[in-house]
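To be precise, the following lines are protein.tsv, and they hold TSV, C-alpha atoms and all ligand atoms.
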```tsv
chain	number	residue	atom	x	y	z
A	1	MET	CA	154.06	351.01	-26.62
A	2	SER	CA	151.31	350.58	-29.27
A	3	LYS	CA	150.49	353.40	-31.64
A	4	LEU	CA	146.89	354.49	-31.95
A	5	LEU	CA	145.77	356.67	-34.84
A	6	ILE	CA	142.50	358.54	-34.38
A	7	VAL	CA	140.58	360.43	-37.02
A	8	GLY	CA	137.42	362.38	-36.25
A	9	THR	CA	136.04	365.84	-35.69
A	10	VAL	CA	137.64	368.36	-33.39
A	11	ALA	CA	134.78	370.75	-32.91
A	12	PHE	CA	132.76	373.43	-31.25
A	13	ASP	CA	129.57	372.09	-29.66
A	14	ALA	CA	126.57	373.95	-28.26
A	15	ILE	CA	124.55	371.65	-26.04
A	16	GLU	CA	121.19	371.87	-24.32
A	17	THR	CA	120.06	369.32	-21.75
A	18	PRO	CA	117.26	369.50	-19.17
A	19	PHE	CA	119.95	370.71	-16.73
A	20	GLY	CA	121.39	373.60	-18.66
A	21	LYS	CA	122.78	375.00	-21.82
A	22	THR	CA	126.27	375.72	-23.09
A	23	ASP	CA	127.54	378.07	-25.72
A	24	LYS	CA	130.30	376.87	-28.08
A	25	ILE	CA	132.49	374.55	-26.02
A	26	LEU	CA	135.20	372.06	-26.95
A	27	GLY	CA	133.76	368.95	-28.58
A	28	GLY	CA	134.21	366.59	-31.48
A	29	ALA	CA	134.47	362.85	-31.86
A	30	ALA	CA	138.29	362.78	-32.02
A	31	THR	CA	138.53	364.99	-28.94
A	32	TYR	CA	136.47	362.59	-26.84
A	33	ILE	CA	138.16	359.50	-28.29
A	34	GLY	CA	141.62	360.96	-27.65
A	35	LEU	CA	140.86	362.02	-24.08
A	36	SER	CA	139.39	358.61	-23.31
A	37	ALA	CA	142.27	356.64	-24.86
A	38	SER	CA	144.75	358.81	-22.95
A	39	ASN	CA	143.85	356.78	-19.85
A	40	PHE	CA	145.93	353.95	-21.31
A	41	ASP	CA	149.61	353.82	-21.99
A	42	VAL	CA	149.45	354.25	-25.78
A	43	GLU	CA	150.99	356.62	-28.30
A	44	SER	CA	147.94	358.43	-29.70
A	45	ALA	CA	147.81	360.82	-32.62
A	46	VAL	CA	144.78	362.68	-33.95
A	47	VAL	CA	144.14	363.55	-37.60
A	48	SER	CA	141.58	366.32	-37.97
A	49	VAL	CA	141.00	369.89	-39.06
A	50	VAL	CA	140.02	373.11	-37.31
A	51	GLY	CA	139.63	376.75	-38.34
A	52	GLU	CA	141.60	379.77	-37.28
A	53	ASP	CA	138.82	380.47	-34.73
A	54	PHE	CA	139.85	377.41	-32.69
A	55	PRO	CA	141.50	378.44	-29.42
A	56	GLN	CA	145.13	377.46	-28.85
A	57	GLU	CA	144.24	376.43	-25.29
A	58	TYR	CA	142.04	373.60	-26.67
A	59	LEU	CA	144.92	372.32	-28.81
A	60	ASP	CA	147.20	372.57	-25.79
A	61	LEU	CA	144.72	370.55	-23.78
A	62	LEU	CA	145.04	367.67	-26.25
A	63	LYS	CA	148.83	367.95	-26.15
A	64	THR	CA	148.97	367.88	-22.37
A	65	ASN	CA	146.99	364.65	-22.50
A	66	ASN	CA	149.81	363.10	-24.55
A	67	ILE	CA	147.93	363.28	-27.81
A	68	ASN	CA	150.10	363.99	-30.85
A	69	ILE	CA	148.35	366.77	-32.85
A	70	GLU	CA	150.77	367.06	-35.78
A	71	GLY	CA	147.94	365.75	-37.96
A	72	VAL	CA	145.47	368.47	-36.87
A	73	GLU	CA	145.43	371.01	-39.69
A	74	VAL	CA	144.61	374.62	-38.83
A	75	VAL	CA	143.01	376.32	-41.85
A	76	LYS	CA	143.85	380.03	-42.10
A	77	GLY	CA	140.67	382.11	-42.22
A	78	GLY	CA	138.56	378.94	-41.85
A	79	LYS	CA	135.77	378.16	-39.38
A	80	THR	CA	135.79	375.08	-37.15
A	81	PHE	CA	133.15	372.33	-37.50
A	82	PHE	CA	130.14	373.22	-35.35
A	83	TRP	CA	127.47	370.94	-33.97
A	84	SER	CA	124.53	371.79	-31.77
A	85	GLY	CA	122.11	369.41	-30.11
A	86	LYS	CA	119.22	369.34	-27.67
A	87	TYR	CA	118.48	366.36	-25.44
A	88	HIS	CA	115.01	365.16	-24.57
A	89	ASN	CA	113.99	364.61	-20.97
A	90	ASP	CA	115.03	360.94	-20.98
A	91	LEU	CA	118.58	362.07	-22.01
A	92	ASN	CA	118.76	359.01	-24.23
A	93	THR	CA	117.51	360.76	-27.34
A	94	ARG	CA	118.46	364.10	-28.85
A	95	ASP	CA	117.73	366.33	-31.78
A	96	THR	CA	120.54	367.77	-33.85
A	97	LEU	CA	119.76	371.48	-34.14
A	98	ASP	CA	122.63	372.42	-36.42
A	99	THR	CA	125.63	370.83	-38.18
A	100	GLN	CA	128.03	373.23	-39.91
A	101	LEU	CA	130.79	371.32	-41.66
A	102	ASN	CA	132.86	374.46	-42.34
A	103	VAL	CA	136.55	373.45	-42.74
A	104	LEU	CA	135.51	369.79	-42.77
A	105	ALA	CA	133.81	370.29	-46.14
A	106	ASP	CA	137.10	370.10	-48.07
A	107	PHE	CA	139.45	368.41	-45.70
A	108	ASN	CA	142.28	366.27	-47.06
A	109	PRO	CA	143.64	364.34	-44.10
A	110	VAL	CA	147.38	363.77	-43.82
A	111	VAL	CA	148.55	361.02	-41.48
A	112	PRO	CA	151.77	362.09	-39.73
A	113	GLN	CA	154.87	360.09	-40.66
A	114	SER	CA	155.17	358.87	-37.07
A	115	HIS	CA	151.79	357.08	-37.24
A	116	LYS	CA	151.77	355.57	-40.74
A	117	ASP	CA	152.66	352.28	-39.07
A	118	ALA	CA	150.03	352.55	-36.32
A	119	GLU	CA	148.81	349.11	-35.22
A	120	PHE	CA	145.45	350.46	-34.05
A	121	VAL	CA	143.25	352.80	-36.05
A	122	MET	CA	140.09	354.46	-34.77
A	123	LEU	CA	137.99	355.89	-37.57
A	124	GLY	CA	135.87	358.30	-35.54
A	125	ASN	CA	132.80	360.03	-36.77
A	126	LEU	CA	133.27	362.22	-39.86
A	127	HIS	CA	132.87	361.98	-43.62
A	128	PRO	CA	133.43	358.37	-44.77
A	129	LEU	CA	135.73	359.51	-47.59
A	130	VAL	CA	138.02	361.13	-45.02
A	131	GLN	CA	137.95	357.90	-43.00
A	132	LEU	CA	138.82	355.96	-46.16
A	133	SER	CA	141.69	358.27	-47.05
A	134	VAL	CA	143.19	357.87	-43.57
A	135	LEU	CA	142.91	354.10	-43.81
A	136	GLU	CA	144.71	354.14	-47.17
A	137	GLN	CA	147.66	355.99	-45.61
A	138	VAL	CA	148.24	353.44	-42.86
A	139	LYS	CA	150.53	350.53	-43.70
A	140	ASN	CA	149.30	347.36	-42.10
A	141	PRO	CA	147.10	347.96	-39.06
A	142	LYS	CA	146.33	345.15	-36.66
A	143	LEU	CA	142.83	346.43	-35.85
A	144	VAL	CA	140.59	349.07	-37.43
A	145	VAL	CA	137.51	350.27	-35.54
A	146	LEU	CA	134.85	352.40	-37.22
A	147	ASP	CA	132.34	354.68	-35.57
A	148	THR	CA	129.72	356.51	-37.57
A	149	MET	CA	126.25	357.98	-37.26
A	150	ASN	CA	122.92	358.43	-39.05
A	151	PHE	CA	124.06	361.80	-40.49
A	152	TRP	CA	126.48	359.94	-42.82
A	153	MET	CA	123.96	357.18	-43.56
A	154	ASP	CA	121.56	359.89	-44.73
A	155	ASN	CA	124.13	361.95	-46.61
A	156	ALA	CA	126.90	359.62	-47.86
A	157	LEU	CA	125.68	356.02	-47.66
A	158	GLU	CA	127.56	354.76	-50.72
A	159	ASP	CA	130.90	356.05	-49.40
A	160	LEU	CA	130.11	354.77	-45.94
A	161	MET	CA	129.53	351.26	-47.29
A	162	LYS	CA	133.04	351.33	-48.81
A	163	VAL	CA	134.55	352.01	-45.38
A	164	ILE	CA	132.35	349.49	-43.58
A	165	GLU	CA	133.65	346.82	-45.95
A	166	LYS	CA	137.24	347.44	-44.83
A	167	VAL	CA	137.05	347.56	-41.03
A	168	ASP	CA	137.35	344.90	-38.32
A	169	VAL	CA	134.95	346.40	-35.77
A	170	ILE	CA	132.03	348.80	-36.13
A	171	THR	CA	130.50	350.65	-33.19
A	172	ILE	CA	127.05	352.02	-33.83
A	173	ASN	CA	123.99	352.84	-31.75
A	174	ASP	CA	120.83	350.72	-31.78
A	175	GLU	CA	118.75	353.10	-33.88
A	176	GLU	CA	121.56	353.40	-36.45
A	177	ALA	CA	122.08	349.61	-36.54
A	178	ARG	CA	118.40	349.26	-37.42
A	179	GLN	CA	118.64	351.97	-40.07
A	180	LEU	CA	121.76	350.44	-41.64
A	181	SER	CA	120.45	346.86	-41.69
A	182	GLY	CA	116.73	347.38	-42.13
A	183	GLU	CA	116.20	344.88	-39.29
A	184	TYR	CA	114.38	345.60	-36.03
A	185	SER	CA	115.98	342.75	-34.07
A	186	LEU	CA	119.46	343.79	-33.00
A	187	VAL	CA	120.65	340.19	-33.33
A	188	LYS	CA	119.55	340.09	-36.96
A	189	ALA	CA	120.86	343.62	-37.50
A	190	ALA	CA	124.31	342.65	-36.19
A	191	ARG	CA	124.39	339.59	-38.46
A	192	LYS	CA	123.53	341.65	-41.50
A	193	ILE	CA	126.17	344.24	-40.62
A	194	GLU	CA	128.76	341.47	-40.18
A	195	GLU	CA	127.97	340.44	-43.76
A	196	MET	CA	128.86	343.98	-44.87
A	197	GLY	CA	132.46	343.54	-43.66
A	198	PRO	CA	133.20	343.98	-39.93
A	199	LYS	CA	133.97	340.78	-38.01
A	200	TYR	CA	132.78	342.37	-34.78
A	201	VAL	CA	129.73	344.57	-34.27
A	202	VAL	CA	129.29	346.69	-31.16
A	203	ILE	CA	125.82	348.09	-30.65
A	204	LYS	CA	125.60	350.95	-28.14
A	205	LYS	CA	122.33	351.40	-26.29
A	206	GLY	CA	123.09	354.54	-24.29
A	207	GLU	CA	122.06	354.19	-20.66
A	208	HIS	CA	121.10	350.57	-21.40
A	209	GLY	CA	124.66	349.40	-22.09
A	210	ALA	CA	126.35	347.87	-25.10
A	211	LEU	CA	126.32	344.56	-26.97
A	212	LEU	CA	129.24	342.88	-28.71
A	213	PHE	CA	128.48	340.45	-31.54
A	214	HIS	CA	130.88	338.06	-33.28
A	215	LYS	CA	129.46	335.16	-35.28
A	216	GLU	CA	127.32	333.19	-32.81
A	217	GLN	CA	128.79	334.86	-29.73
A	218	ILE	CA	127.18	337.76	-27.86
A	219	PHE	CA	128.44	339.71	-24.86
A	220	PHE	CA	126.57	342.40	-22.97
A	221	ALA	CA	127.97	345.17	-20.79
A	222	PRO	CA	125.61	347.33	-18.74
A	223	ALA	CA	125.96	351.05	-18.39
A	224	LEU	CA	126.52	352.02	-14.78
A	225	PRO	CA	123.28	353.35	-13.25
A	226	LEU	CA	124.27	356.88	-12.24
A	227	GLU	CA	122.61	359.23	-9.82
A	228	GLU	CA	123.42	362.25	-11.91
A	229	VAL	CA	123.69	362.52	-15.65
A	230	PHE	CA	124.25	366.01	-16.99
A	231	ASP	CA	125.22	365.65	-20.62
A	232	PRO	CA	125.51	362.47	-22.70
A	233	THR	CA	127.42	364.24	-25.50
A	234	GLY	CA	130.54	362.32	-26.43
A	235	ALA	CA	129.59	359.21	-24.47
A	236	GLY	CA	129.68	357.10	-27.64
A	237	ASP	CA	133.09	358.44	-28.62
A	238	THR	CA	134.43	358.08	-25.10
A	239	PHE	CA	133.20	354.49	-25.14
A	240	ALA	CA	135.01	353.88	-28.45
A	241	GLY	CA	138.20	355.53	-27.13
A	242	GLY	CA	138.15	353.32	-24.05
A	243	PHE	CA	137.45	350.23	-26.15
A	244	ILE	CA	140.33	350.72	-28.58
A	245	GLY	CA	142.63	352.27	-25.95
A	246	TYR	CA	142.36	349.13	-23.84
A	247	LEU	CA	142.91	346.85	-26.86
A	248	ALA	CA	145.95	348.89	-27.93
A	249	ARG	CA	147.34	348.81	-24.40
A	250	THR	CA	146.99	345.02	-24.10
A	251	GLY	CA	147.73	344.20	-27.77
A	252	ASP	CA	145.23	341.33	-27.60
A	253	ILE	CA	142.36	341.49	-30.11
A	254	SER	CA	140.60	338.24	-29.21
A	255	PHE	CA	136.84	338.15	-28.53
A	256	GLU	CA	137.59	337.39	-24.86
A	257	ASN	CA	139.71	340.50	-24.52
A	258	MET	CA	137.15	342.58	-26.40
A	259	LYS	CA	134.73	341.77	-23.58
A	260	SER	CA	137.04	343.57	-21.16
A	261	ALA	CA	137.47	346.38	-23.68
A	262	ILE	CA	133.69	346.86	-23.74
A	263	ILE	CA	133.68	347.14	-19.96
A	264	TYR	CA	136.49	349.71	-20.04
A	265	GLY	CA	134.62	351.66	-22.70
A	266	SER	CA	131.41	351.65	-20.64
A	267	ASN	CA	133.36	352.60	-17.54
A	268	LEU	CA	134.91	355.66	-19.19
A	269	ALA	CA	131.62	356.70	-20.80
A	270	SER	CA	130.01	356.68	-17.34
A	271	PHE	CA	132.38	359.48	-16.31
A	272	CYS	CA	131.92	361.48	-19.50
A	273	VAL	CA	128.20	362.06	-18.88
A	274	GLU	CA	128.66	363.41	-15.36
A	275	LYS	CA	129.54	366.93	-16.50
A	276	PHE	CA	129.05	369.11	-19.54
A	277	GLY	CA	131.29	368.54	-22.56
A	278	THR	CA	134.79	367.23	-21.89
A	279	GLU	CA	134.99	368.65	-18.35
A	280	ARG	CA	134.78	365.36	-16.45
A	281	MET	CA	137.22	363.57	-18.76
A	282	GLN	CA	139.76	366.29	-18.18
A	283	SER	CA	139.84	365.70	-14.42
A	284	LEU	CA	139.55	361.89	-14.44
A	285	THR	CA	142.31	359.98	-12.64
A	286	GLY	CA	143.48	356.40	-13.09
A	287	SER	CA	142.44	355.43	-9.58
A	288	GLN	CA	138.90	356.75	-10.11
A	289	MET	CA	138.70	354.64	-13.26
A	290	ASN	CA	139.86	351.53	-11.39
A	291	GLU	CA	137.50	352.05	-8.46
A	292	ARG	CA	134.56	352.22	-10.79
A	293	LEU	CA	135.60	348.99	-12.49
A	294	ASP	CA	134.83	347.23	-9.21
A	295	GLU	CA	131.34	348.70	-9.28
A	296	PHE	CA	130.87	347.24	-12.76
A	297	LYS	CA	131.89	343.83	-11.48
A	298	LYS	CA	129.50	343.99	-8.52
A	299	LEU	CA	126.67	345.09	-10.76
A	300	THR	CA	126.64	341.95	-12.86
A	301	GLN	CA	128.27	339.15	-10.86
A	302	PHE	CA	125.97	336.71	-9.12
A	303	GLU	CA	125.89	333.14	-8.01
A	304	THR	CA	122.91	330.89	-8.17
A	305	GLN	CA	122.09	327.45	-6.92
A	306	LEU	CA	119.03	325.26	-7.29
A	307	ASP	CA	118.77	321.98	-5.47
B	401	LIG	P1	128.38	361.33	-29.46
B	401	LIG	O1	127.56	361.98	-28.38
B	401	LIG	O2	129.30	360.28	-28.95
B	401	LIG	O3	127.54	360.88	-30.61
B	401	LIG	O4	129.36	362.44	-30.06
B	401	LIG	C1	129.08	363.79	-30.04
B	401	LIG	C2	130.19	364.51	-30.76
B	401	LIG	O5	130.12	364.22	-32.15
B	401	LIG	C3	130.07	366.02	-30.63
B	401	LIG	O6	131.14	366.50	-29.87
B	401	LIG	C4	130.04	366.56	-32.05
B	401	LIG	O7	130.96	367.59	-32.25
B	401	LIG	C5	130.36	365.38	-32.92
B	401	LIG	N1	129.49	365.30	-34.09
B	401	LIG	C6	128.17	365.58	-34.17
B	401	LIG	N2	127.71	365.39	-35.43
B	401	LIG	C7	128.76	364.95	-36.16
B	401	LIG	C8	128.93	364.57	-37.53
B	401	LIG	N3	127.93	364.61	-38.41
B	401	LIG	N4	130.16	364.17	-37.91
B	401	LIG	C9	131.18	364.14	-37.04
B	401	LIG	N5	131.10	364.48	-35.75
B	401	LIG	C10	129.90	364.89	-35.31
```

Could you write out this structure as structure tokens?
Ligand code: AMP
Amino acid sequence: MSKLLIVGTVAFDAIETPFGKTDKILGGAATYIGLSASNFDVESAVVSVVGEDFPQEYLDLLKTNNINIEGVEVVKGGKTFFWSGKYHNDLNTRDTLDTQLNVLADFNPVVPQSHKDAEFVMLGNLHPLVQLSVLEQVKNPKLVVLDTMNFWMDNALEDLMKVIEKVDVITINDEEARQLSGEYSLVKAARKIEEMGPKYVVIKKGEHGALLFHKEQIFFAPALPLEEVFDPTGAGDTFAGGFIGYLARTGDISFENMKSAIIYGSNLASFCVEKFGTERMQSLTGSQMNERLDEFKKLTQFETQLD
């Protein structure tokens, strides 16, 4: 079984969408990535930090999903990372209302002994120096995937560039790809980002799907058109967790296999948005995931003939 090491926030989120509002609920990039990757037969471990205010039941939830949490430090007297956001009516854009780093501000990640030889590493969203430190503690990974966001481009660009240089794949949304590259065209943006280090660039476009770039090759996966979307929070992380979870499960990191990984990522993200927070991911079953894969196939397969 492949080992998957995940670093990212484990957090409290307060979310507002046109359909409702939540007070501090379980969130965080590593939480969503871990729950998503748990749909594959891999040995996952999360490296993160929380405060003493973080409920034991949330940690237990990760454990019951077969996620090793030895690397999740609990800081005595500390407060957990908090993020709050409000979605616009189109649900594709949001404003960050508040980001409180709290215990994340001076976090020194320690990779558990069991995962120092992890073949797959998912550097989820948090400070680039923490991502870098985790990467330095892993021996010889087969594939490193990086996810980040505009917050770190605005606040720690120099450090972020050092991480970008060292990874194989970067997943980023369209707006952030434009910000990072200074290019409006996503094709040009992906090329410029490839020059920064990653051999593969995945650009997420929310409800409009995701693009995979590698040299001259491009692959596109749609997002499933859903009747009901409640809360897009964590969709990007869930996508990333599905992407790397599938690659870790199959052990094949070719461009061809990455196409399937993109579909798995999109498939899992389509569940994540159906309920608030992590609720839908907690109840997802393997057969529901497989049924929806068929819908993805039907959505894009067609035959054409001109005579
Ligand atoms: P996504 O919707 O995929 O972009 O991910 C949302 C998750 O990212 C939330 O659960 C937040 O707790 C977490 N998050 C928000 N801002 C940051 C940040 N600056 N660094 C790390 N994680 C963040």

Which residues are close to region 84-91 of chain A, i.e. within 10 Å by only C-alpha atoms, leaving aside same-chain residues fewer than 6 positions away? Reply as a ChimeraX atom specification. /A:12-19,21-24,97-100,206-207,229-233

What lies within 8 Å of Lys76 (chain A) using all atoms listed in the file, ignoring chain neighbours under 2 positions off, as a count of residues only? 4

CA of Gly245 (chain A) to CA of Tyr264 (chain A), straight-line distance in Å: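 It comes out at 8.9 Å.
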
Quote the spacing between CA of Ala30 (chain A) and CA of Asp237 (chain A) in Å to one decimal place. 7.6 Å

So what do you get for CA of Gln282 (chain A) versus CA of Glu228 (chain A), distance-wise?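 Value for the CA of Gln282 (chain A)-CA of Glu228 (chain A) distance: 18.0 Å.
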
Please list as JSON, numbers by chain every residue within 8 Å of region 111-116 of chain A, counting all atoms listed in the file and excluding residues in the same chain fewer than 5 positions away. {"A": [3, 4, 5, 45, 47, 70, 71, 134, 137, 138, 139]}

So that I can check the surroundings of region 157-166 of chain A, please list as an MDAnalysis selection string every protein, DNA and RNA residue that reaches within 9 Å of it, counting all atoms listed in the file and ignoring chain neighbours fewer than 2 positions away. chainID A and resid 127:129 131:132 135 144 146 148 152:155 168:170 193 195:198

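Among all protein and nucleic acid residues, the ones that lie within 6 Å of ligand LIG 401 (chain B) when counting only C-alpha atoms and all ligand atoms are Thr9, Ala11, Asp13, Gly27, Gly28, Ala29, Trp83, Asn125, Leu126, Phe151, Thr233, Gly234, Ala235, Gly236 and Asp237 of chain A.
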
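With all atoms listed in the file as the atoms that count, the residue of A:Phe120, A:Asn39, A:Phe271, A:Pro55 with the shortest distance to Ile6 (chain A) is A:Phe120.
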
Restricting the calculation to only C-alpha atoms: of A:Ala240, A:Ile253, A:Val202, A:Leu284, which residue gets closest to Gly124 (chain A)?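 Of all the options, A:Ala240 lies closest to Gly124 (chain A).
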
Taking all atoms listed in the file into account, which of A:Leu293, A:Val49, A:Val273, A:Leu299 comes nearest Asn92 (chain A)?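 Among the listed residues, the smallest separation from Asn92 (chain A) belongs to A:Val273.
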
Need the shell around region 178-183 of chain A: protein/DNA/RNA residues with any atom at most 8 Å away, counting all atoms listed in the file. Skip same-chain ones fewer than 2 positions apart. Format as a count of residues only? 12

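Considering the residues A:Met1, A:Glu136, A:Glu303, A:Gly251 and counting only C-alpha atoms, Glu43 (chain A) has its shortest atom-to-atom contact with A:Met1.
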
Could you work out an axis-aligned bounding box for all listed atoms of region 227-235 of chain A, with 6 Å added on each of the six sides, and give its centre and edge lengths in Å to one decimal, as JSON?
```
{"center_x": 126.6, "center_y": 362.6, "center_z": -18.1, "size_x": 19.9, "size_y": 18.8, "size_z": 28.6}
```

Determine the nearest neighbour of Cys272 (chain A) from the options A:Leu247, A:Leu35, A:Val121, A:Val7, counting all atoms listed in the file.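 Result for the nearest residue to Cys272 (chain A): A:Leu35.
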
Which residue, A:Glu216, A:Glu291, A:Asp106, A:Glu119, has the smallest gap to Asp252 (chain A) when you use all atoms listed in the file?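 Among A:Glu216, A:Glu291, A:Asp106, A:Glu119, it is A:Glu119 that comes nearest to Asp252 (chain A).
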